[in-house]
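Trainee: Pasting target05.cif below, which is mmCIF, C-alpha atoms and all ligand atoms; chains and numbers go by the auth columns.
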```
data_query
#
loop_
_atom_site.group_PDB
_atom_site.id
_atom_site.type_symbol
_atom_site.label_atom_id
_atom_site.label_comp_id
_atom_site.label_asym_id
_atom_site.label_seq_id
_atom_site.Cartn_x
_atom_site.Cartn_y
_atom_site.Cartn_z
_atom_site.B_iso_or_equiv
_atom_site.auth_seq_id
_atom_site.auth_asym_id
ATOM 1 C CA MET A 1 31.053 13.716 -23.560 0.00 1 A
ATOM 2 C CA TYR A 2 32.896 10.953 -25.369 0.00 2 A
ATOM 3 C CA THR A 3 33.276 7.202 -25.561 0.00 3 A
ATOM 4 C CA VAL A 4 36.297 5.148 -26.583 0.00 4 A
ATOM 5 C CA LEU A 5 35.927 1.981 -28.643 0.00 5 A
ATOM 6 C CA ILE A 6 38.676 -0.640 -28.405 0.00 6 A
ATOM 7 C CA ILE A 7 38.679 -2.834 -31.473 0.00 7 A
ATOM 8 C CA GLU A 8 40.565 -6.107 -31.572 0.00 8 A
ATOM 9 C CA ASP A 9 38.351 -7.867 -34.129 0.00 9 A
ATOM 10 C CA SER A 10 40.463 -8.400 -37.294 0.00 10 A
ATOM 11 C CA ALA A 11 37.476 -8.400 -39.655 0.00 11 A
ATOM 12 C CA ILE A 12 36.284 -5.029 -38.359 0.00 12 A
ATOM 13 C CA LYS A 13 39.831 -3.604 -38.506 0.00 13 A
ATOM 14 C CA GLU A 14 40.107 -4.832 -42.121 0.00 14 A
ATOM 15 C CA GLN A 15 36.898 -2.971 -43.032 0.00 15 A
ATOM 16 C CA LEU A 16 38.106 0.166 -41.247 0.00 16 A
ATOM 17 C CA LYS A 17 41.447 0.049 -43.081 0.00 17 A
ATOM 18 C CA THR A 18 39.657 0.396 -46.424 0.00 18 A
ATOM 19 C CA VAL A 19 38.161 3.713 -45.249 0.00 19 A
ATOM 20 C CA SER A 20 41.469 4.851 -43.683 0.00 20 A
ATOM 21 C CA TYR A 21 43.276 5.315 -47.018 0.00 21 A
ATOM 22 C CA GLY A 22 44.474 1.716 -46.703 0.00 22 A
ATOM 23 C CA GLN A 23 46.883 2.647 -43.887 0.00 23 A
ATOM 24 C CA SER A 24 48.364 -0.563 -42.573 0.00 24 A
ATOM 25 C CA GLN A 25 48.620 0.608 -38.936 0.00 25 A
ATOM 26 C CA ILE A 26 44.877 -0.044 -38.632 0.00 26 A
ATOM 27 C CA THR A 27 45.308 -3.792 -39.153 0.00 27 A
ATOM 28 C CA ASP A 28 48.906 -4.139 -37.916 0.00 28 A
ATOM 29 C CA ALA A 29 47.985 -2.878 -34.444 0.00 29 A
ATOM 30 C CA SER A 30 46.696 -5.363 -31.907 0.00 30 A
ATOM 31 C CA HIS A 31 44.219 -2.795 -30.603 0.00 31 A
ATOM 32 C CA LEU A 32 42.566 0.075 -32.421 0.00 32 A
ATOM 33 C CA PHE A 33 41.245 2.833 -30.167 0.00 33 A
ATOM 34 C CA VAL A 34 38.468 4.846 -31.810 0.00 34 A
ATOM 35 C CA PHE A 35 37.725 8.029 -29.876 0.00 35 A
ATOM 36 C CA CYS A 36 34.148 9.165 -30.427 0.00 36 A
ATOM 37 C CA ASN A 37 32.491 12.388 -29.365 0.00 37 A
ATOM 38 C CA TYR A 38 28.761 12.505 -28.586 0.00 38 A
ATOM 39 C CA SER A 39 27.029 13.662 -31.756 0.00 39 A
ATOM 40 C CA LYS A 40 24.228 15.243 -29.732 0.00 40 A
ATOM 41 C CA VAL A 41 24.556 16.638 -26.223 0.00 41 A
ATOM 42 C CA THR A 42 21.312 16.639 -24.271 0.00 42 A
ATOM 43 C CA ASN A 43 20.344 17.643 -20.748 0.00 43 A
ATOM 44 C CA ASP A 44 20.167 13.912 -19.974 0.00 44 A
ATOM 45 C CA HIS A 45 23.918 13.618 -20.612 0.00 45 A
ATOM 46 C CA ILE A 46 24.615 16.519 -18.280 0.00 46 A
ATOM 47 C CA ASP A 47 22.304 15.054 -15.626 0.00 47 A
ATOM 48 C CA ALA A 48 24.062 11.686 -15.968 0.00 48 A
ATOM 49 C CA TYR A 49 27.438 13.365 -15.419 0.00 49 A
ATOM 50 C CA PHE A 50 26.278 15.161 -12.267 0.00 50 A
ATOM 51 C CA SER A 51 24.593 12.041 -10.963 0.00 51 A
ATOM 52 C CA LEU A 52 27.930 10.188 -11.316 0.00 52 A
ATOM 53 C CA LYS A 53 29.809 13.090 -9.734 0.00 53 A
ATOM 54 C CA SER A 54 27.368 13.121 -6.810 0.00 54 A
ATOM 55 C CA GLU A 55 27.761 9.348 -6.334 0.00 55 A
ATOM 56 C CA ILE A 56 31.563 9.350 -6.517 0.00 56 A
ATOM 57 C CA GLU A 57 32.085 12.455 -4.406 0.00 57 A
ATOM 58 C CA GLN A 58 29.327 11.437 -1.961 0.00 58 A
ATOM 59 C CA VAL A 59 27.754 14.882 -2.244 0.00 59 A
ATOM 60 C CA ASP A 60 24.009 15.346 -2.530 0.00 60 A
ATOM 61 C CA ILE A 61 23.095 16.116 -6.145 0.00 61 A
ATOM 62 C CA SER A 62 21.101 19.187 -5.114 0.00 62 A
ATOM 63 C CA ASN A 63 24.449 20.863 -4.378 0.00 63 A
ATOM 64 C CA PHE A 64 25.316 20.736 -8.061 0.00 64 A
ATOM 65 C CA LYS A 65 22.032 22.166 -9.348 0.00 65 A
ATOM 66 C CA GLY A 66 23.429 25.654 -10.041 0.00 66 A
ATOM 67 C CA TYR A 67 26.485 24.257 -11.786 0.00 67 A
ATOM 68 C CA ALA A 68 24.406 21.796 -13.844 0.00 68 A
ATOM 69 C CA ASP A 69 21.933 24.523 -14.865 0.00 69 A
ATOM 70 C CA PHE A 70 24.801 26.740 -15.932 0.00 70 A
ATOM 71 C CA ILE A 71 26.261 24.005 -18.166 0.00 71 A
ATOM 72 C CA LYS A 72 22.837 23.146 -19.588 0.00 72 A
ATOM 73 C CA SER A 73 22.125 26.742 -20.572 0.00 73 A
ATOM 74 C CA ASP A 74 25.638 27.203 -21.936 0.00 74 A
ATOM 75 C CA VAL A 75 25.355 24.048 -24.050 0.00 75 A
ATOM 76 C CA THR A 76 21.820 24.876 -25.242 0.00 76 A
ATOM 77 C CA ASN A 77 23.036 28.224 -26.531 0.00 77 A
ATOM 78 C CA ARG A 78 25.746 26.647 -28.659 0.00 78 A
ATOM 79 C CA THR A 79 25.269 25.758 -32.323 0.00 79 A
ATOM 80 C CA LEU A 80 25.652 22.125 -33.382 0.00 80 A
ATOM 81 C CA VAL A 81 29.101 22.937 -34.820 0.00 81 A
ATOM 82 C CA GLU A 82 30.160 24.524 -31.506 0.00 82 A
ATOM 83 C CA LYS A 83 28.818 21.558 -29.534 0.00 83 A
ATOM 84 C CA ASN A 84 30.763 19.180 -31.760 0.00 84 A
ATOM 85 C CA LYS A 85 33.911 21.198 -31.289 0.00 85 A
ATOM 86 C CA TRP A 86 33.435 21.144 -27.499 0.00 86 A
ATOM 87 C CA THR A 87 32.912 17.388 -27.334 0.00 87 A
ATOM 88 C CA SER A 88 35.729 16.728 -29.825 0.00 88 A
ATOM 89 C CA ASN A 89 38.136 18.814 -27.740 0.00 89 A
ATOM 90 C CA GLN A 90 37.398 16.563 -24.768 0.00 90 A
ATOM 91 C CA VAL A 91 38.343 13.551 -26.875 0.00 91 A
ATOM 92 C CA TYR A 92 41.809 14.995 -27.537 0.00 92 A
ATOM 93 C CA LEU A 93 42.491 15.260 -23.800 0.00 93 A
ATOM 94 C CA ALA A 94 41.713 11.556 -23.490 0.00 94 A
ATOM 95 C CA LEU A 95 43.902 10.787 -26.513 0.00 95 A
ATOM 96 C CA GLY A 96 46.781 12.640 -24.831 0.00 96 A
ATOM 97 C CA ASN A 97 46.368 10.451 -21.764 0.00 97 A
ATOM 98 C CA LEU A 98 46.440 7.302 -23.885 0.00 98 A
ATOM 99 C CA LEU A 99 49.645 8.448 -25.612 0.00 99 A
ATOM 100 C CA ASN A 100 51.327 9.181 -22.285 0.00 100 A
ATOM 101 C CA ALA A 101 50.249 5.839 -20.847 0.00 101 A
ATOM 102 C CA CYS A 102 51.529 3.996 -23.939 0.00 102 A
ATOM 103 C CA SER A 103 54.820 5.823 -23.778 0.00 103 A
ATOM 104 C CA GLU A 104 55.243 4.882 -20.081 0.00 104 A
ATOM 105 C CA LEU A 105 54.541 1.229 -20.921 0.00 105 A
ATOM 106 C CA LYS A 106 56.783 1.211 -24.040 0.00 106 A
ATOM 107 C CA ILE A 107 53.808 0.549 -26.280 0.00 107 A
ATOM 108 C CA ASP A 108 53.644 2.233 -29.690 0.00 108 A
ATOM 109 C CA ALA A 109 50.677 4.359 -30.728 0.00 109 A
ATOM 110 C CA CYS A 110 49.913 6.475 -33.781 0.00 110 A
ATOM 111 C CA PRO A 111 47.249 9.180 -33.483 0.00 111 A
ATOM 112 C CA MET A 112 45.439 9.379 -36.827 0.00 112 A
ATOM 113 C CA GLU A 113 42.854 11.586 -38.433 0.00 113 A
ATOM 114 C CA GLY A 114 43.381 10.126 -41.881 0.00 114 A
ATOM 115 C CA PHE A 115 40.114 8.242 -42.159 0.00 115 A
ATOM 116 C CA ASP A 116 36.565 8.765 -43.384 0.00 116 A
ATOM 117 C CA ALA A 117 34.611 9.502 -40.202 0.00 117 A
ATOM 118 C CA GLU A 118 31.218 8.966 -41.820 0.00 118 A
ATOM 119 C CA ALA A 119 32.295 5.563 -43.095 0.00 119 A
ATOM 120 C CA TYR A 120 33.545 4.647 -39.593 0.00 120 A
ATOM 121 C CA ASN A 121 30.193 5.758 -38.154 0.00 121 A
ATOM 122 C CA LYS A 122 28.432 3.481 -40.641 0.00 122 A
ATOM 123 C CA ILE A 123 30.671 0.416 -40.205 0.00 123 A
ATOM 124 C CA LEU A 124 30.552 0.666 -36.407 0.00 124 A
ATOM 125 C CA ASP A 125 26.867 1.654 -36.323 0.00 125 A
ATOM 126 C CA LEU A 126 27.760 4.711 -34.276 0.00 126 A
ATOM 127 C CA ASP A 127 24.695 6.791 -35.226 0.00 127 A
ATOM 128 C CA LYS A 128 22.610 4.376 -33.162 0.00 128 A
ATOM 129 C CA LEU A 129 24.833 5.065 -30.162 0.00 129 A
ATOM 130 C CA GLY A 130 24.785 8.839 -30.730 0.00 130 A
ATOM 131 C CA LEU A 131 28.509 8.817 -31.426 0.00 131 A
ATOM 132 C CA ASN A 132 30.822 10.236 -34.064 0.00 132 A
ATOM 133 C CA ALA A 133 34.368 8.966 -34.739 0.00 133 A
ATOM 134 C CA THR A 134 36.783 11.836 -34.092 0.00 134 A
ATOM 135 C CA VAL A 135 40.311 10.440 -34.010 0.00 135 A
ATOM 136 C CA VAL A 136 41.819 6.963 -33.869 0.00 136 A
ATOM 137 C CA ALA A 137 44.958 5.479 -32.344 0.00 137 A
ATOM 138 C CA PRO A 138 46.280 2.071 -33.373 0.00 138 A
ATOM 139 C CA VAL A 139 48.211 0.703 -30.403 0.00 139 A
ATOM 140 C CA GLY A 140 50.518 -2.253 -29.963 0.00 140 A
ATOM 141 C CA TYR A 141 53.912 -3.616 -29.039 0.00 141 A
ATOM 142 C CA ARG A 142 56.590 -2.668 -31.549 0.00 142 A
ATOM 143 C CA SER A 143 57.404 -5.060 -34.368 0.00 143 A
ATOM 144 C CA ASP A 144 61.073 -5.682 -35.242 0.00 144 A
ATOM 145 C CA GLU A 145 60.047 -5.059 -38.844 0.00 145 A
ATOM 146 C CA ASP A 146 58.813 -1.537 -38.120 0.00 146 A
ATOM 147 C CA HIS A 147 61.407 0.526 -39.982 0.00 147 A
ATOM 148 C CA SER A 148 60.161 3.818 -38.572 0.00 148 A
ATOM 149 C CA GLN A 149 61.637 2.835 -35.195 0.00 149 A
ATOM 150 C CA ASN A 150 65.076 3.723 -36.556 0.00 150 A
ATOM 151 C CA THR A 151 64.213 7.223 -37.725 0.00 151 A
ATOM 152 C CA HIS A 152 64.968 10.146 -35.446 0.00 152 A
ATOM 153 C CA LYS A 153 62.107 11.840 -33.631 0.00 153 A
ATOM 154 C CA VAL A 154 61.507 15.306 -35.030 0.00 154 A
ATOM 155 C CA ARG A 155 61.063 17.747 -32.152 0.00 155 A
ATOM 156 C CA LYS A 156 61.035 21.520 -32.154 0.00 156 A
ATOM 157 C CA PRO A 157 63.881 23.049 -30.159 0.00 157 A
ATOM 158 C CA MET A 158 62.610 23.955 -26.675 0.00 158 A
ATOM 159 C CA GLU A 159 63.161 27.662 -27.281 0.00 159 A
ATOM 160 C CA ASN A 160 60.764 27.541 -30.239 0.00 160 A
ATOM 161 C CA LEU A 161 58.160 25.478 -28.423 0.00 161 A
ATOM 162 C CA PHE A 162 57.850 27.508 -25.234 0.00 162 A
ATOM 163 C CA ILE A 163 57.434 31.214 -24.673 0.00 163 A
ATOM 164 C CA GLU A 164 58.081 31.999 -21.035 0.00 164 A
ATOM 165 C CA TYR A 165 56.811 34.932 -19.005 0.00 165 A
ATOM 166 C CA LYS A 166 59.269 34.769 -16.116 0.00 166 A
ATOM 167 C CA GLN A 167 59.050 36.166 -12.608 0.00 167 A
ATOM 168 C CA HIS A 168 61.698 38.817 -12.031 0.00 168 A
ATOM 169 C CA LYS A 169 63.006 36.772 -9.131 0.00 169 A
ATOM 170 C CA GLU A 170 62.282 33.116 -9.570 0.00 170 A
ATOM 171 C CA GLN A 171 61.736 30.995 -6.458 0.00 171 A
ATOM 172 C CA PRO A 172 64.083 27.962 -6.242 0.00 172 A
ATOM 173 C CA THR A 173 61.128 25.575 -5.820 0.00 173 A
ATOM 174 C CA LYS A 174 59.524 26.893 -8.983 0.00 174 A
ATOM 175 C CA ARG A 175 62.718 26.371 -10.909 0.00 175 A
ATOM 176 C CA THR A 176 62.883 22.741 -9.789 0.00 176 A
ATOM 177 C CA LEU A 177 59.259 22.163 -10.732 0.00 177 A
ATOM 178 C CA LYS A 178 59.711 23.778 -14.123 0.00 178 A
ATOM 179 C CA SER A 179 62.804 21.831 -15.099 0.00 179 A
ATOM 180 C CA ALA A 180 61.188 18.562 -13.995 0.00 180 A
ATOM 181 C CA LEU A 181 58.064 19.318 -16.018 0.00 181 A
ATOM 182 C CA LEU A 182 59.851 20.469 -19.137 0.00 182 A
ATOM 183 C CA PHE A 183 62.113 17.456 -19.012 0.00 183 A
ATOM 184 C CA SER A 184 59.234 14.960 -18.905 0.00 184 A
ATOM 185 C CA PHE A 185 57.115 16.936 -21.388 0.00 185 A
ATOM 186 C CA TYR A 186 59.907 16.946 -23.928 0.00 186 A
HETATM 187 C C1 LIG B . 45.982 15.796 -36.667 0.00 201 A
HETATM 188 C C2 LIG B . 46.915 14.680 -37.041 0.00 201 A
HETATM 189 C C3 LIG B . 46.479 13.654 -37.848 0.00 201 A
HETATM 190 C C4 LIG B . 47.347 12.608 -38.194 0.00 201 A
HETATM 191 N N1 LIG B . 46.898 11.586 -38.983 0.00 201 A
HETATM 192 C C5 LIG B . 47.738 10.596 -39.335 0.00 201 A
HETATM 193 C C6 LIG B . 47.325 9.529 -40.159 0.00 201 A
HETATM 194 O O1 LIG B . 46.179 9.455 -40.581 0.00 201 A
HETATM 195 N N2 LIG B . 48.226 8.572 -40.429 0.00 201 A
HETATM 196 C C7 LIG B . 49.517 8.604 -39.967 0.00 201 A
HETATM 197 O O2 LIG B . 50.290 7.690 -40.258 0.00 201 A
HETATM 198 N N3 LIG B . 49.934 9.614 -39.193 0.00 201 A
HETATM 199 C C8 LIG B . 49.075 10.602 -38.883 0.00 201 A
HETATM 200 N N4 LIG B . 49.501 11.621 -38.091 0.00 201 A
HETATM 201 C C9 LIG B . 50.899 11.672 -37.702 0.00 201 A
HETATM 202 C C10 LIG B . 51.212 10.753 -36.585 0.00 201 A
HETATM 203 O O3 LIG B . 50.407 11.038 -35.468 0.00 201 A
HETATM 204 C C11 LIG B . 52.663 11.010 -36.353 0.00 201 A
HETATM 205 O O4 LIG B . 53.347 9.878 -36.757 0.00 201 A
HETATM 206 C C12 LIG B . 53.010 11.313 -34.984 0.00 201 A
HETATM 207 O O5 LIG B . 52.325 12.470 -34.555 0.00 201 A
HETATM 208 C C13 LIG B . 54.499 11.485 -34.854 0.00 201 A
HETATM 209 O O6 LIG B . 54.757 11.216 -33.573 0.00 201 A
HETATM 210 P P1 LIG B . 56.241 10.947 -33.094 0.00 201 A
HETATM 211 O O7 LIG B . 57.027 12.102 -33.593 0.00 201 A
HETATM 212 O O8 LIG B . 56.117 10.890 -31.628 0.00 201 A
HETATM 213 O O9 LIG B . 56.661 9.665 -33.709 0.00 201 A
HETATM 214 C C14 LIG B . 48.657 12.635 -37.731 0.00 201 A
HETATM 215 C C15 LIG B . 49.090 13.671 -36.898 0.00 201 A
HETATM 216 C C16 LIG B . 48.232 14.682 -36.567 0.00 201 A
HETATM 217 C C17 LIG B . 48.719 15.798 -35.679 0.00 201 A
#
```
Please go through the file and, once you have read it, give me the structure as structure tokens.

Mentor:
Amino acid sequence: MYTVLIIEDSAIKEQLKTVSYGQSQITDASHLFVFCNYSKVTNDHIDAYFSLKSEIEQVDISNFKGYADFIKSDVTNRTLVEKNKWTSNQVYLALGNLLNACSELKIDACPMEGFDAEAYNKILDLDKLGLNATVVAPVGYRSDEDHSQNTHKVRKPMENLFIEYKQHKEQPTKRTLKSALLFSFY
């Protein structure tokens, strides 16, 4: 339940910078991704999702009725704050994917929450679209003048980041999978 805006327009980025504590990444970046969660979740949104799922998976929509009803009743029972948290959490999964994709393509990105969300909503007319700005990510190819490129990445030591609950006797295949995953995660 989210939408991603991709802003290239310099005039809009300039306006957004003023409500982002003047942070220059907003205007330095070629593309500003603004991740927005749905400010209201209705049954129509859930129906739209299942209609898309039915079309893509080529499964009759009636097969998803039970699942859709379950989500509708679960969502209806949540407070507005809980609904916002749920839709915002989804946004962070998408942000993670963007960061991974950028990293693969050697493109720089800076996830940012340092901005006035209400001001973003106003400038981008998001209320009309039923959206709320959650988190932003300026994205672009690295400039030679970016001094931060020379500073070391600060990463927790692996033993502080992970707590493992090991099998008594680990299978060799599992060990291979784990080292491959940890290596790329890190
Ligand atoms: C919740 C959150 C909000 C952040 N907001 C900003 C921000 O507004 N401006 C900024 O320059 N960095 C912000 N950061 C920090 C950048 O994302 C930070 O540079 C980045 O996480 C460091 O990544 P790196 O170690 O891979 O370079 C924020 C980080 C987090 C976790």

Trainee: What do you get, as a list in words, if you spell out every residue that the PyMOL selection byres (((not hetatm)) within 9 of (chain A and resi 201)) selects here?

Mentor: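 Going through the file, the PyMOL selection byres (((not hetatm)) within 9 of (chain A and resi 201)) ends up selecting Ser20, Tyr21, Gln23, Ser24, Gln25, Asp108, Ala109, Cys110, Pro111, Met112, Glu113, Gly114, Phe115, Val135, Val136, Ala137, Ser148, Gln149, Thr151, His152, Lys153, Val154 and Arg155 of chain A.
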
Trainee: Interatomic distance between atom CA of Ile107 of chain A and atom CA of Lys13 of chain A?

Mentor: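 We find that atom CA of Ile107 of chain A and atom CA of Lys13 of chain A lie 19.0 Å from each other.
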
Trainee: Between A:Gln15, A:Asn37, A:Ser143, A:Asn150, which is the closest to Thr87 of chain A once you count only C-alpha atoms?

Mentor: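 Result for the nearest residue to Thr87 of chain A: A:Asn37.
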
Trainee: What separation in Å, quoted to one decimal, exists between atom CA of Leu126 of chain A and atom CA of Lys17 of chain A?

Mentor: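 Distance between the two atoms: 16.9 Å.
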
Trainee: Work out how far apart atom CA of Ser184 of chain A and atom CA of Met158 of chain A are and give it in Å to one decimal.

Mentor: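 Computing the Euclidean distance for atom CA of Ser184 of chain A and atom CA of Met158 of chain A yields 12.4 Å.
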
Trainee: Just the residues within 12 Å of Thr27 of chain A, please, counting all atoms listed in the file, with nothing from its chain fewer than 3 positions along; format it as a PDB file with C-alpha atoms, in the frame of the given file.

Mentor:
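Saved file around-v5.pdb follows:
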```
ATOM      1  CA  ILE A   7      38.679  -2.834 -31.473  1.00  0.00           C
ATOM      2  CA  GLU A   8      40.565  -6.107 -31.572  1.00  0.00           C
ATOM      3  CA  ASP A   9      38.351  -7.867 -34.129  1.00  0.00           C
ATOM      4  CA  SER A  10      40.463  -8.400 -37.294  1.00  0.00           C
ATOM      5  CA  ALA A  11      37.476  -8.400 -39.655  1.00  0.00           C
ATOM      6  CA  ILE A  12      36.284  -5.029 -38.359  1.00  0.00           C
ATOM      7  CA  LYS A  13      39.831  -3.604 -38.506  1.00  0.00           C
ATOM      8  CA  GLU A  14      40.107  -4.832 -42.121  1.00  0.00           C
ATOM      9  CA  GLN A  15      36.898  -2.971 -43.032  1.00  0.00           C
ATOM     10  CA  LEU A  16      38.106   0.166 -41.247  1.00  0.00           C
ATOM     11  CA  LYS A  17      41.447   0.049 -43.081  1.00  0.00           C
ATOM     12  CA  THR A  18      39.657   0.396 -46.424  1.00  0.00           C
ATOM     13  CA  SER A  20      41.469   4.851 -43.683  1.00  0.00           C
ATOM     14  CA  GLY A  22      44.474   1.716 -46.703  1.00  0.00           C
ATOM     15  CA  GLN A  23      46.883   2.647 -43.887  1.00  0.00           C
ATOM     16  CA  SER A  24      48.364  -0.563 -42.573  1.00  0.00           C
ATOM     17  CA  SER A  30      46.696  -5.363 -31.907  1.00  0.00           C
ATOM     18  CA  HIS A  31      44.219  -2.795 -30.603  1.00  0.00           C
ATOM     19  CA  LEU A  32      42.566   0.075 -32.421  1.00  0.00           C
ATOM     20  CA  PHE A  33      41.245   2.833 -30.167  1.00  0.00           C
ATOM     21  CA  ALA A 137      44.958   5.479 -32.344  1.00  0.00           C
ATOM     22  CA  PRO A 138      46.280   2.071 -33.373  1.00  0.00           C
ATOM     23  CA  VAL A 139      48.211   0.703 -30.403  1.00  0.00           C
ATOM     24  CA  GLY A 140      50.518  -2.253 -29.963  1.00  0.00           C
TER      25      GLY A 140
END
```

Trainee: Do you know which residues are at most 12 Å from Ala48 of chain A counting all atoms listed in the file, after dropping those on the same chain fewer than 6 positions away, and could you put them as a compact mmCIF listing (two decimals) with C-alpha atoms, in the frame of the given file?

Mentor:
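File produced: selection-v1.txt:
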```
# COMPACT_ATOMS: atom_id res chain seq x y z
CA MET A 1 31.05 13.72 -23.56
CA VAL A 41 24.56 16.64 -26.22
CA THR A 42 21.31 16.64 -24.27
CA SER A 54 27.37 13.12 -6.81
CA GLU A 55 27.76 9.35 -6.33
CA ILE A 61 23.10 16.12 -6.14
CA ALA A 68 24.41 21.80 -13.84
```

Trainee: Which protein, DNA or RNA residues are at most 10 Å from (21.7, 17.8, -17.4) in the file's coordinates when you count only C-alpha atoms, listed as number ranges by chain?

Mentor: A: 41-51, 65, 67-73, 75

Trainee: Output the residue selection produced by the PyMOL selection byres (((chain A and resi 84) around 8) and not hetatm) on the file above, formatted as a VMD selection string.

Mentor: chain A and resid 37 to 40 80 to 83 85 to 88

Trainee: Would you mind listing what lies within 9 Å of Ala94 of chain A as a list in words, with all atoms listed in the file counted and same-chain residues fewer than 5 positions away left out?

Mentor: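 My list of contacting residues is Val4, Phe35 and Leu99 of chain A.
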
Trainee: For a quick check of understanding, using only C-alpha atoms, which of A:Asn77, A:Phe64, A:Asn97, A:Asn132 has the smallest distance to Thr3 of chain A?

Mentor: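 Checking each of A:Asn77, A:Phe64, A:Asn97, A:Asn132 against Thr3 of chain A, counting only C-alpha atoms, the winner is A:Asn132.
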
Trainee: Could you work out an axis-aligned box for segment 179-182 of chain A, taking every atom the file lists and adding 5 Å on each side, and report centre and edge lengths in Å to one decimal, as lines of an AutoDock Vina configuration file?

Mentor:
```
center_x = 60.4
center_y = 20.2
center_z = -16.6
size_x = 14.7
size_y = 13.3
size_z = 15.1
```

Trainee: Fewer than 5 positions away in the same chain doesn't count, so skip those; otherwise give me all residues within 7 Å of Ala133 of chain A, counting only C-alpha atoms, as a PyMOL selection string.

Mentor: chain A and resi 34-37+117+120-121

Trainee: Which one of A:Val59, A:Ala119, A:Leu161, A:Ala29 sits closest to Asp146 of chain A if you count all atoms listed in the file?

Mentor: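 Of all the options, A:Ala29 lies closest to Asp146 of chain A.
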